[in-house]
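Have a look at protein.cif below; it lists mmCIF, C-alpha atoms.
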data_target
#
loop_
_atom_site.group_PDB
_atom_site.id
_atom_site.type_symbol
_atom_site.label_atom_id
_atom_site.label_comp_id
_atom_site.auth_asym_id
_atom_site.auth_seq_id
_atom_site.Cartn_x
_atom_site.Cartn_y
_atom_site.Cartn_z
ATOM 1 C CA MET A 1 -21.120 -53.365 -46.954
ATOM 2 C CA THR A 2 -18.957 -56.145 -48.355
ATOM 3 C CA THR A 3 -17.666 -54.686 -51.633
ATOM 4 C CA ALA A 4 -14.014 -55.227 -52.537
ATOM 5 C CA THR A 5 -13.474 -51.494 -53.099
ATOM 6 C CA LEU A 6 -14.695 -48.306 -51.483
ATOM 7 C CA ASP A 7 -16.267 -45.564 -53.554
ATOM 8 C CA ARG A 8 -13.972 -42.524 -53.668
ATOM 9 C CA THR A 9 -16.918 -40.139 -53.530
ATOM 10 C CA ALA A 10 -18.107 -41.768 -50.309
ATOM 11 C CA LEU A 11 -14.621 -41.499 -48.804
ATOM 12 C CA ASP A 12 -14.536 -37.808 -49.708
ATOM 13 C CA ARG A 13 -17.821 -37.322 -47.867
ATOM 14 C CA ILE A 14 -16.456 -39.030 -44.747
ATOM 15 C CA LEU A 15 -13.017 -37.375 -44.956
ATOM 16 C CA PRO A 16 -13.647 -33.997 -46.643
ATOM 17 C CA GLY A 17 -10.566 -32.042 -47.610
ATOM 18 C CA SER A 18 -8.289 -35.076 -47.522
ATOM 19 C CA GLY A 19 -5.560 -35.789 -50.016
ATOM 20 C CA THR A 20 -5.104 -38.920 -52.102
ATOM 21 C CA LEU A 21 -6.856 -41.703 -50.205
ATOM 22 C CA SER A 22 -6.216 -45.412 -50.454
ATOM 23 C CA ALA A 23 -8.235 -48.158 -48.788
ATOM 24 C CA ARG A 24 -7.588 -51.840 -48.144
ATOM 25 C CA PRO A 25 -10.005 -54.306 -46.571
ATOM 26 C CA LEU A 26 -9.249 -55.861 -43.190
ATOM 27 C CA PRO A 27 -10.427 -59.211 -41.809
ATOM 28 C CA HIS A 28 -14.131 -59.029 -40.981
ATOM 29 C CA GLY A 29 -15.265 -59.223 -37.388
ATOM 30 C CA ARG A 30 -18.578 -60.432 -36.057
ATOM 31 C CA PHE A 31 -20.190 -57.000 -36.330
ATOM 32 C CA ASN A 32 -18.267 -54.815 -38.745
ATOM 33 C CA THR A 33 -16.684 -54.666 -42.183
ATOM 34 C CA CYS A 34 -13.389 -52.847 -41.636
ATOM 35 C CA TRP A 35 -11.067 -50.844 -43.890
ATOM 36 C CA HIS A 36 -7.660 -49.295 -43.411
ATOM 37 C CA VAL A 37 -7.791 -45.853 -45.032
ATOM 38 C CA ALA A 38 -4.601 -43.862 -45.642
ATOM 39 C CA ASP A 39 -4.100 -40.250 -46.758
ATOM 40 C CA ALA A 40 -0.946 -40.072 -48.870
ATOM 41 C CA VAL A 41 -0.659 -36.286 -48.455
ATOM 42 C CA SER A 42 -0.996 -35.936 -44.693
ATOM 43 C CA ALA A 43 0.292 -39.458 -43.891
ATOM 44 C CA HIS A 44 -2.684 -39.898 -41.561
ATOM 45 C CA ALA A 45 -4.294 -43.323 -41.344
ATOM 46 C CA TYR A 46 -7.758 -44.320 -40.203
ATOM 47 C CA LEU A 47 -9.878 -47.352 -39.429
ATOM 48 C CA LEU A 48 -13.298 -47.247 -41.087
ATOM 49 C CA LYS A 49 -15.962 -49.597 -39.712
ATOM 50 C CA LEU A 50 -19.152 -50.244 -41.683
ATOM 51 C CA ASN A 51 -22.105 -51.989 -40.091
ATOM 52 C CA ASP A 52 -25.354 -52.664 -41.922
ATOM 53 C CA ARG A 53 -26.518 -55.415 -39.571
ATOM 54 C CA GLU A 54 -26.687 -53.713 -36.174
ATOM 55 C CA GLY A 55 -26.859 -50.244 -37.711
ATOM 56 C CA GLU A 56 -25.979 -46.726 -36.628
ATOM 57 C CA ALA A 57 -27.409 -47.091 -33.112
ATOM 58 C CA HIS A 58 -24.904 -49.846 -32.372
ATOM 59 C CA LEU A 59 -22.015 -47.771 -33.700
ATOM 60 C CA GLN A 60 -23.155 -44.734 -31.694
ATOM 61 C CA GLN A 61 -23.193 -46.864 -28.547
ATOM 62 C CA MET A 62 -19.710 -48.199 -29.306
ATOM 63 C CA ALA A 63 -18.431 -44.671 -29.990
ATOM 64 C CA ALA A 64 -19.843 -43.454 -26.671
ATOM 65 C CA ALA A 65 -18.100 -46.304 -24.830
ATOM 66 C CA MET A 66 -14.787 -45.533 -26.529
ATOM 67 C CA ARG A 67 -15.023 -41.801 -25.854
ATOM 68 C CA SER A 68 -15.851 -42.431 -22.208
ATOM 69 C CA ALA A 69 -12.927 -44.820 -21.872
ATOM 70 C CA ARG A 70 -10.547 -42.389 -23.544
ATOM 71 C CA ALA A 71 -11.706 -39.533 -21.318
ATOM 72 C CA GLY A 72 -10.998 -41.765 -18.317
ATOM 73 C CA GLY A 73 -7.392 -42.337 -19.352
ATOM 74 C CA VAL A 74 -7.771 -45.703 -21.088
ATOM 75 C CA ALA A 75 -5.613 -46.090 -24.184
ATOM 76 C CA VAL A 76 -8.139 -46.516 -27.006
ATOM 77 C CA PRO A 77 -8.315 -45.135 -30.567
ATOM 78 C CA GLU A 78 -9.912 -41.714 -30.910
ATOM 79 C CA VAL A 79 -13.345 -41.762 -32.542
ATOM 80 C CA LEU A 80 -13.388 -39.092 -35.262
ATOM 81 C CA ARG A 81 -16.841 -39.491 -36.830
ATOM 82 C CA VAL A 82 -19.855 -41.741 -36.503
ATOM 83 C CA GLY A 83 -23.052 -41.617 -38.537
ATOM 84 C CA SER A 84 -24.692 -42.933 -41.687
ATOM 85 C CA ASP A 85 -23.510 -42.279 -45.236
ATOM 86 C CA PRO A 86 -25.956 -42.510 -48.195
ATOM 87 C CA GLY A 87 -23.576 -44.804 -50.052
ATOM 88 C CA LEU A 88 -21.793 -46.735 -47.332
ATOM 89 C CA GLY A 89 -24.508 -46.920 -44.694
ATOM 90 C CA PRO A 90 -23.740 -46.766 -40.945
ATOM 91 C CA PHE A 91 -20.070 -46.039 -40.297
ATOM 92 C CA LEU A 92 -17.564 -45.262 -37.576
ATOM 93 C CA LEU A 93 -14.248 -43.581 -38.363
ATOM 94 C CA GLN A 94 -11.433 -43.772 -35.826
ATOM 95 C CA GLU A 95 -7.744 -43.076 -35.796
ATOM 96 C CA TRP A 96 -5.428 -45.887 -36.807
ATOM 97 C CA LEU A 97 -3.025 -46.884 -34.034
ATOM 98 C CA ASP A 98 0.324 -48.377 -35.001
ATOM 99 C CA GLY A 99 1.437 -51.561 -33.322
ATOM 100 C CA ARG A 100 0.680 -55.248 -33.424
ATOM 101 C CA THR A 101 -1.919 -57.287 -31.660
ATOM 102 C CA PHE A 102 -1.184 -59.647 -28.814
ATOM 103 C CA ALA A 103 -1.936 -62.521 -31.216
ATOM 104 C CA GLU A 104 0.676 -61.276 -33.693
ATOM 105 C CA ALA A 105 3.299 -60.677 -31.000
ATOM 106 C CA ARG A 106 2.718 -64.109 -29.481
ATOM 107 C CA GLN A 107 3.359 -65.738 -32.849
ATOM 108 C CA ASP A 108 6.791 -64.080 -32.810
ATOM 109 C CA HIS A 109 7.404 -65.066 -29.161
ATOM 110 C CA ALA A 110 7.567 -61.349 -28.350
ATOM 111 C CA ILE A 111 5.374 -61.140 -25.235
ATOM 112 C CA GLU A 112 7.333 -59.428 -22.457
ATOM 113 C CA ALA A 113 6.630 -59.882 -18.747
ATOM 114 C CA ASP A 114 5.850 -56.183 -18.270
ATOM 115 C CA LEU A 115 2.845 -56.502 -20.605
ATOM 116 C CA TRP A 116 0.722 -58.030 -17.845
ATOM 117 C CA PRO A 117 0.832 -55.184 -15.307
ATOM 118 C CA ARG A 118 0.226 -52.735 -18.151
ATOM 119 C CA LEU A 119 -2.840 -54.691 -19.214
ATOM 120 C CA GLY A 120 -4.100 -54.889 -15.647
ATOM 121 C CA HIS A 121 -3.622 -51.121 -15.336
ATOM 122 C CA GLN A 122 -5.693 -50.450 -18.469
ATOM 123 C CA ILE A 123 -8.522 -52.722 -17.346
ATOM 124 C CA ALA A 124 -8.561 -51.017 -13.941
ATOM 125 C CA LEU A 125 -8.786 -47.575 -15.536
ATOM 126 C CA LEU A 126 -11.778 -48.735 -17.576
ATOM 127 C CA HIS A 127 -13.493 -50.224 -14.537
ATOM 128 C CA SER A 128 -12.938 -47.019 -12.534
ATOM 129 C CA ILE A 129 -15.019 -44.878 -14.912
ATOM 130 C CA ARG A 130 -18.557 -44.180 -13.752
ATOM 131 C CA PRO A 131 -20.840 -46.453 -15.811
ATOM 132 C CA PRO A 132 -23.640 -44.908 -17.889
ATOM 133 C CA ARG A 133 -26.215 -46.561 -15.632
ATOM 134 C CA SER A 134 -26.148 -47.778 -12.059
ATOM 135 C CA LEU A 135 -26.531 -51.536 -11.807
ATOM 136 C CA VAL A 136 -26.046 -53.978 -8.940
ATOM 137 C CA ALA A 137 -25.596 -57.701 -9.537
ATOM 138 C CA THR A 138 -27.345 -59.880 -6.972
ATOM 139 C CA PRO A 139 -27.714 -63.620 -6.445
ATOM 140 C CA ALA A 140 -31.202 -63.335 -7.936
ATOM 141 C CA SER A 141 -30.066 -61.427 -11.044
ATOM 142 C CA ARG A 142 -27.260 -63.917 -11.665
ATOM 143 C CA ALA A 143 -29.691 -66.808 -11.261
ATOM 144 C CA ARG A 144 -32.048 -65.203 -13.811
ATOM 145 C CA GLN A 145 -29.186 -64.658 -16.251
ATOM 146 C CA LEU A 146 -28.108 -68.274 -15.915
ATOM 147 C CA SER A 147 -31.635 -69.694 -16.143
ATOM 148 C CA ASP A 148 -32.529 -67.628 -19.210
ATOM 149 C CA LEU A 149 -29.378 -68.792 -20.960
ATOM 150 C CA ILE A 150 -29.888 -72.467 -20.176
ATOM 151 C CA ASP A 151 -33.569 -72.261 -21.133
ATOM 152 C CA ALA A 152 -32.531 -70.933 -24.543
ATOM 153 C CA LEU A 153 -30.040 -73.770 -25.007
ATOM 154 C CA ILE A 154 -32.658 -76.373 -24.120
ATOM 155 C CA ARG A 155 -35.245 -74.725 -26.368
ATOM 156 C CA HIS A 156 -32.866 -74.966 -29.327
ATOM 157 C CA ARG A 157 -31.793 -78.483 -28.290
ATOM 158 C CA LEU A 158 -28.162 -77.447 -28.122
ATOM 159 C CA ILE A 159 -27.244 -79.165 -24.866
ATOM 160 C CA PRO A 160 -28.051 -82.556 -23.307
ATOM 161 C CA ALA A 161 -30.563 -82.310 -20.463
ATOM 162 C CA ALA A 162 -28.211 -83.871 -17.900
ATOM 163 C CA LEU A 163 -25.420 -81.448 -18.802
ATOM 164 C CA ALA A 164 -27.828 -78.502 -18.642
ATOM 165 C CA GLU A 165 -28.957 -79.580 -15.181
ATOM 166 C CA ALA A 166 -25.367 -79.920 -13.958
ATOM 167 C CA ALA A 167 -24.431 -76.492 -15.326
ATOM 168 C CA HIS A 168 -27.530 -74.912 -13.811
ATOM 169 C CA ARG A 169 -26.916 -76.464 -10.409
ATOM 170 C CA HIS A 170 -23.268 -75.430 -10.370
ATOM 171 C CA GLY A 171 -24.014 -71.903 -11.566
ATOM 172 C CA LEU A 172 -26.747 -71.343 -8.992
ATOM 173 C CA LEU A 173 -24.380 -72.379 -6.207
ATOM 174 C CA LEU A 174 -21.794 -69.859 -7.390
ATOM 175 C CA ALA A 175 -24.382 -67.120 -7.905
ATOM 176 C CA GLU A 176 -25.552 -67.418 -4.318
ATOM 177 C CA GLN A 177 -22.011 -67.220 -2.924
ATOM 178 C CA LEU A 178 -21.170 -63.933 -4.651
ATOM 179 C CA GLY A 179 -23.608 -61.632 -2.849
ATOM 180 C CA ASP A 180 -24.456 -58.130 -4.097
ATOM 181 C CA LEU A 181 -21.889 -56.232 -6.156
ATOM 182 C CA ALA A 182 -21.995 -52.907 -8.003
ATOM 183 C CA CYS A 183 -21.303 -53.308 -11.719
ATOM 184 C CA VAL A 184 -18.682 -51.317 -13.633
ATOM 185 C CA ASN A 185 -17.814 -50.240 -17.153
ATOM 186 C CA THR A 186 -16.505 -53.310 -18.972
ATOM 187 C CA HIS A 187 -15.068 -54.161 -22.384
ATOM 188 C CA GLN A 188 -16.336 -57.778 -22.527
ATOM 189 C CA ASP A 189 -14.064 -58.883 -25.371
ATOM 190 C CA ILE A 190 -10.447 -58.594 -24.206
ATOM 191 C CA HIS A 191 -8.907 -61.345 -26.307
ATOM 192 C CA PRO A 192 -5.630 -61.598 -28.289
ATOM 193 C CA ASP A 193 -6.889 -59.636 -31.333
ATOM 194 C CA ASN A 194 -8.220 -56.763 -29.211
ATOM 195 C CA ILE A 195 -5.044 -56.041 -27.233
ATOM 196 C CA LEU A 196 -2.696 -53.771 -29.178
ATOM 197 C CA ILE A 197 0.977 -53.579 -28.231
ATOM 198 C CA ARG A 198 2.182 -50.190 -29.401
ATOM 199 C CA PRO A 199 5.757 -49.076 -30.130
ATOM 200 C CA GLY A 200 7.507 -48.753 -26.779
ATOM 201 C CA GLY A 201 5.371 -51.484 -25.226
ATOM 202 C CA THR A 202 2.307 -49.467 -24.208
ATOM 203 C CA ILE A 203 -1.047 -51.258 -24.347
ATOM 204 C CA ALA A 204 -4.243 -50.129 -26.076
ATOM 205 C CA LEU A 205 -7.659 -51.791 -26.054
ATOM 206 C CA LEU A 206 -9.492 -52.232 -29.355
ATOM 207 C CA ASP A 207 -13.034 -53.092 -30.485
ATOM 208 C CA PHE A 208 -15.671 -51.931 -27.994
ATOM 209 C CA ASP A 209 -18.550 -53.714 -29.787
ATOM 210 C CA HIS A 210 -19.533 -55.628 -26.639
ATOM 211 C CA ALA A 211 -18.838 -52.931 -24.031
ATOM 212 C CA ASN A 212 -21.487 -52.679 -21.318
ATOM 213 C CA THR A 213 -22.126 -52.340 -17.601
ATOM 214 C CA ALA A 214 -21.335 -55.661 -15.919
ATOM 215 C CA GLU A 215 -19.472 -57.314 -13.053
ATOM 216 C CA TYR A 216 -15.750 -56.556 -13.107
ATOM 217 C CA ALA A 217 -14.654 -60.215 -13.076
ATOM 218 C CA SER A 218 -16.376 -60.883 -16.411
ATOM 219 C CA ASP A 219 -13.638 -58.855 -18.146
ATOM 220 C CA PHE A 220 -10.973 -61.332 -16.986
ATOM 221 C CA VAL A 221 -12.512 -64.478 -18.480
ATOM 222 C CA LYS A 222 -11.080 -64.063 -21.973
ATOM 223 C CA PRO A 223 -7.592 -62.883 -20.916
ATOM 224 C CA ASP A 224 -7.472 -65.826 -18.504
ATOM 225 C CA ARG A 225 -8.570 -68.278 -21.191
ATOM 226 C CA TRP A 226 -6.891 -66.976 -24.341
ATOM 227 C CA CYS A 227 -3.894 -64.867 -23.264
ATOM 228 C CA LEU A 228 -2.303 -65.900 -19.985
ATOM 229 C CA SER A 229 0.188 -68.736 -20.016
ATOM 230 C CA SER A 230 1.434 -68.810 -16.420
ATOM 231 C CA ALA A 231 0.253 -68.195 -12.872
ATOM 232 C CA ASP A 232 3.029 -65.616 -12.408
ATOM 233 C CA ASP A 233 1.824 -63.529 -15.360
ATOM 234 C CA ARG A 234 -1.734 -63.756 -14.073
ATOM 235 C CA GLN A 235 -0.676 -62.494 -10.664
ATOM 236 C CA ARG A 236 1.278 -59.600 -12.188
ATOM 237 C CA MET A 237 -1.829 -58.516 -14.049
ATOM 238 C CA LEU A 238 -4.106 -58.788 -11.021
ATOM 239 C CA ASP A 239 -1.645 -57.051 -8.671
ATOM 240 C CA ALA A 240 -1.470 -54.077 -11.046
ATOM 241 C CA TYR A 241 -5.254 -54.099 -11.399
ATOM 242 C CA TRP A 242 -5.946 -53.882 -7.661
ATOM 243 C CA GLN A 243 -3.178 -51.353 -7.124
ATOM 244 C CA GLN A 244 -4.702 -49.049 -9.755
ATOM 245 C CA ARG A 245 -8.193 -49.547 -8.317
ATOM 246 C CA GLY A 246 -6.826 -48.613 -4.870
ATOM 247 C CA GLU A 247 -8.541 -51.608 -3.303
ATOM 248 C CA PRO A 248 -7.415 -54.856 -1.675
ATOM 249 C CA ALA A 249 -7.713 -57.981 -3.790
ATOM 250 C CA ASP A 250 -11.224 -59.402 -3.814
ATOM 251 C CA PRO A 251 -11.260 -62.691 -1.848
ATOM 252 C CA LEU A 252 -14.177 -63.858 -4.017
ATOM 253 C CA PHE A 253 -12.397 -63.196 -7.316
ATOM 254 C CA GLU A 254 -11.861 -66.847 -8.246
ATOM 255 C CA ARG A 255 -15.502 -67.733 -7.619
ATOM 256 C CA ARG A 256 -16.687 -64.657 -9.512
ATOM 257 C CA LEU A 257 -14.428 -65.640 -12.397
ATOM 258 C CA ALA A 258 -15.785 -69.201 -12.322
ATOM 259 C CA PHE A 259 -19.387 -67.962 -12.573
ATOM 260 C CA HIS A 260 -18.684 -65.710 -15.552
ATOM 261 C CA ARG A 261 -16.506 -68.349 -17.190
ATOM 262 C CA LEU A 262 -19.499 -70.694 -17.021
ATOM 263 C CA VAL A 263 -21.878 -68.067 -18.446
ATOM 264 C CA ILE A 264 -19.550 -67.255 -21.332
ATOM 265 C CA THR A 265 -18.976 -70.952 -22.065
ATOM 266 C CA LEU A 266 -22.748 -71.449 -22.262
ATOM 267 C CA SER A 267 -23.174 -68.391 -24.476
ATOM 268 C CA TYR A 268 -20.829 -69.906 -27.073
ATOM 269 C CA PHE A 269 -23.510 -72.488 -27.878
ATOM 270 C CA LEU A 270 -25.889 -69.751 -29.015
ATOM 271 C CA TYR A 271 -23.147 -67.907 -30.883
ATOM 272 C CA TRP A 272 -22.080 -70.908 -32.960
ATOM 273 C CA HIS A 273 -25.596 -72.282 -33.388
ATOM 274 C CA GLY A 274 -26.414 -69.736 -36.092
ATOM 275 C CA ARG A 275 -22.938 -69.403 -37.576
ATOM 276 C CA ASP A 276 -21.076 -72.709 -37.629
ATOM 277 C CA PRO A 277 -22.853 -75.684 -35.992
ATOM 278 C CA THR A 278 -19.739 -77.834 -36.488
ATOM 279 C CA GLN A 279 -18.306 -75.937 -33.482
ATOM 280 C CA LEU A 280 -21.019 -77.201 -31.118
ATOM 281 C CA PRO A 281 -19.264 -80.461 -30.135
ATOM 282 C CA GLY A 282 -16.308 -78.353 -29.056
ATOM 283 C CA CYS A 283 -18.654 -76.209 -26.964
ATOM 284 C CA THR A 284 -19.983 -79.333 -25.263
ATOM 285 C CA ALA A 285 -16.446 -80.534 -24.523
ATOM 286 C CA ALA A 286 -15.509 -77.090 -23.142
ATOM 287 C CA LEU A 287 -18.566 -77.090 -20.869
ATOM 288 C CA ARG A 288 -17.763 -80.557 -19.528
ATOM 289 C CA THR A 289 -14.199 -79.427 -18.834
ATOM 290 C CA GLU A 290 -15.491 -76.328 -17.051
ATOM 291 C CA LEU A 291 -17.760 -78.359 -14.781
ATOM 292 C CA GLU A 292 -14.957 -80.798 -13.992
ATOM 293 C CA ARG A 293 -12.491 -78.072 -12.992
ATOM 294 C CA THR A 294 -14.690 -76.503 -10.309
#

If you took the structure in this file and wrote it as structure tokens, what would it be?
Amino acid sequence: MTTATLDRTALDRILPGSGTLSARPLPHGRFNTCWHVADAVSAHAYLLKLNDREGEAHLQQMAAAMRSARAGGVAVPEVLRVGSDPGLGPFLLQEWLDGRTFAEARQDHAIEADLWPRLGHQIALLHSIRPPRSLVATPASRARQLSDLIDALIRHRLIPAALAEAAHRHGLLLAEQLGDLACVNTHQDIHPDNILIRPGGTIALLDFDHANTAEYASDFVKPDRWCLSSADDRQRMLDAYWQQRGEPADPLFERRLAFHRLVITLSYFLYWHGRDPTQLPGCTAALRTELERT
């Protein structure tokens, strides 16, 4: 659904009994077309996500992840309705949370030091919720994940053979060092546009499109790469994380992070391959940098 306006009749079906509704389009994400919907009578506001590509099943899965997170104490928007409308197609309606994203606050140089422990606390709450399925990561499962990814890159001729071999060799070494580890509920996309700083400084997590059961360290790759600017802030976040989890800091954290950083760097090749191939040289440079740093 990419129309510039929303049909009023369709909005009435999704929000029956509402007052005078207005809708404005929001920047499109990878999965969804998003609208800010406001009720002038009640002053309530909503976020409406439409998704024709992945469909209702994807939205139902995202809604389940958000509801589980919210029930576990994580600050996320409340899901109000999810389904399929005859005019709009698959949709998810959630409450609109006031605030500004990390990206917007950073532009205004408004990131406070206490944001980091609050973020670590939220991530820990999410990871403490029982996942929908029990899954244990092993050296063998990590090796399969890495090999499947590199095989796909070679098949599409997205990566030089020598670079693929170096990445594979490095990843296999890390995979073997990490042993067996129970997976947890994860968000998988904690980047500057998906961290909401609410009035009063509280933190909410947005956009659970990628949420799944995975190793805990994978959720720190994007904050580490796109959000953190100092070692002190990083430590504040991790200290709060382990305190909330009630566990000592994992001595293998840095190596776990390095493995998942490598996997995510490799996955960018496939992402940009079908969307904007001009980004592929940057992916190659990022992979070379990753291999040089470890």

task: Just say which residues the PyMOL selection byres ((chain A and resi 284) around 9) picks in this file, as a VMD selection string.
output: chain A and resid 158 to 160 163 266 269 280 to 283 285 to 289

- request: Grab the atom CA of A:Leu97 to atom CA of A:Pro77 distance for me, in Å with one decimal place.
  value: 6.6 Å

- prompt: Between A:Asp209, A:Glu78, A:Asp148, A:Glu215, which has the minimum distance to A:Leu181 (counting all atoms listed in the file)?
  reply: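 For A:Leu181, the nearest of the candidates is A:Glu215.
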
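Interatomic distance, atom CA of A:Tyr46 against atom CA of A:Glu95: 4.6 Å.
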
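You can rank A:Trp96, A:Trp35, A:Phe208, A:Tyr241 by their closest distance to A:Leu119 using only C-alpha atoms, and at the top of that list sits A:Tyr241.
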
message: Please report the interatomic distance between atom CA of A:Arg106 and atom CA of A:Gln122 in Å with one decimal.
response: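 Rounded to one decimal, the two atoms are 19.5 Å apart.
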
Spell out the residues picked by the PyMOL selection byres ((chain A and resi 33) around 6) here, as a PDB file with C-alpha atoms, keeping the file's coordinate frame.
ATOM      1  CA  HIS A  28     -14.131 -59.029 -40.981  1.00  0.00           C
ATOM      2  CA  ASN A  32     -18.267 -54.815 -38.745  1.00  0.00           C
ATOM      3  CA  CYS A  34     -13.389 -52.847 -41.636  1.00  0.00           C
ATOM      4  CA  LYS A  49     -15.962 -49.597 -39.712  1.00  0.00           C
ATOM      5  CA  LEU A  50     -19.152 -50.244 -41.683  1.00  0.00           C
TER       6      LEU A  50
END

- prompt: Restricting the calculation to only C-alpha atoms, which member of A:Arg256, A:Arg169, A:His191, A:Arg142 is positioned closest to A:Leu291?
  reply: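 For A:Leu291, the nearest of the given residues is A:Arg169.
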
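Compared by their closest atoms to A:Asp151, and using all atoms listed in the file, the residues A:Arg245, A:His127, A:His168, A:Arg198 rank with A:His168 nearest.
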
Where atoms are missing, can you supply N, CA, C and O atoms for stretch 147-159 of chain A and output the lot as a PDB file, keeping the file's coordinate frame?
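Output contents, as saved in result.pdb:
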ATOM      1  N   SER A 147     -30.444 -68.927 -15.771  1.00  0.00           N
ATOM      2  CA  SER A 147     -31.635 -69.694 -16.143  1.00  0.00           C
ATOM      3  C   SER A 147     -32.108 -69.337 -17.542  1.00  0.00           C
ATOM      4  O   SER A 147     -32.483 -70.219 -18.326  1.00  0.00           O
ATOM      5  N   ASP A 148     -32.108 -68.044 -17.874  1.00  0.00           N
ATOM      6  CA  ASP A 148     -32.529 -67.628 -19.210  1.00  0.00           C
ATOM      7  C   ASP A 148     -31.625 -68.222 -20.284  1.00  0.00           C
ATOM      8  O   ASP A 148     -32.095 -68.652 -21.350  1.00  0.00           O
ATOM      9  N   LEU A 149     -30.335 -68.258 -19.998  1.00  0.00           N
ATOM     10  CA  LEU A 149     -29.378 -68.792 -20.960  1.00  0.00           C
ATOM     11  C   LEU A 149     -29.580 -70.293 -21.157  1.00  0.00           C
ATOM     12  O   LEU A 149     -29.649 -70.789 -22.291  1.00  0.00           O
ATOM     13  N   ILE A 150     -29.708 -71.019 -20.071  1.00  0.00           N
ATOM     14  CA  ILE A 150     -29.888 -72.467 -20.176  1.00  0.00           C
ATOM     15  C   ILE A 150     -31.234 -72.805 -20.805  1.00  0.00           C
ATOM     16  O   ILE A 150     -31.340 -73.741 -21.614  1.00  0.00           O
ATOM     17  N   ASP A 151     -32.265 -72.041 -20.491  1.00  0.00           N
ATOM     18  CA  ASP A 151     -33.569 -72.261 -21.133  1.00  0.00           C
ATOM     19  C   ASP A 151     -33.462 -72.117 -22.654  1.00  0.00           C
ATOM     20  O   ASP A 151     -34.067 -72.895 -23.412  1.00  0.00           O
ATOM     21  N   ALA A 152     -32.699 -71.131 -23.098  1.00  0.00           N
ATOM     22  CA  ALA A 152     -32.531 -70.933 -24.543  1.00  0.00           C
ATOM     23  C   ALA A 152     -31.782 -72.107 -25.166  1.00  0.00           C
ATOM     24  O   ALA A 152     -32.126 -72.560 -26.277  1.00  0.00           O
ATOM     25  N   LEU A 153     -30.798 -72.630 -24.481  1.00  0.00           N
ATOM     26  CA  LEU A 153     -30.040 -73.770 -25.007  1.00  0.00           C
ATOM     27  C   LEU A 153     -30.920 -75.008 -25.105  1.00  0.00           C
ATOM     28  O   LEU A 153     -30.839 -75.766 -26.080  1.00  0.00           O
ATOM     29  N   ILE A 154     -31.746 -75.218 -24.100  1.00  0.00           N
ATOM     30  CA  ILE A 154     -32.658 -76.373 -24.120  1.00  0.00           C
ATOM     31  C   ILE A 154     -33.706 -76.204 -25.215  1.00  0.00           C
ATOM     32  O   ILE A 154     -34.032 -77.152 -25.942  1.00  0.00           O
ATOM     33  N   ARG A 155     -34.216 -74.982 -25.359  1.00  0.00           N
ATOM     34  CA  ARG A 155     -35.245 -74.725 -26.368  1.00  0.00           C
ATOM     35  C   ARG A 155     -34.730 -75.019 -27.775  1.00  0.00           C
ATOM     36  O   ARG A 155     -35.458 -75.534 -28.628  1.00  0.00           O
ATOM     37  N   HIS A 156     -33.467 -74.711 -28.014  1.00  0.00           N
ATOM     38  CA  HIS A 156     -32.866 -74.966 -29.327  1.00  0.00           C
ATOM     39  C   HIS A 156     -32.222 -76.352 -29.409  1.00  0.00           C
ATOM     40  O   HIS A 156     -31.597 -76.670 -30.428  1.00  0.00           O
ATOM     41  N   ARG A 157     -32.345 -77.124 -28.345  1.00  0.00           N
ATOM     42  CA  ARG A 157     -31.793 -78.483 -28.290  1.00  0.00           C
ATOM     43  C   ARG A 157     -30.298 -78.501 -28.574  1.00  0.00           C
ATOM     44  O   ARG A 157     -29.786 -79.325 -29.324  1.00  0.00           O
ATOM     45  N   LEU A 158     -29.600 -77.583 -27.911  1.00  0.00           N
ATOM     46  CA  LEU A 158     -28.162 -77.447 -28.122  1.00  0.00           C
ATOM     47  C   LEU A 158     -27.339 -78.140 -27.055  1.00  0.00           C
ATOM     48  O   LEU A 158     -26.108 -78.240 -27.196  1.00  0.00           O
ATOM     49  N   ILE A 159     -27.986 -78.629 -26.002  1.00  0.00           N
ATOM     50  CA  ILE A 159     -27.244 -79.165 -24.866  1.00  0.00           C
ATOM     51  C   ILE A 159     -28.026 -80.332 -24.265  1.00  0.00           C
ATOM     52  O   ILE A 159     -29.248 -80.256 -24.132  1.00  0.00           O
TER      53      ILE A 159
END
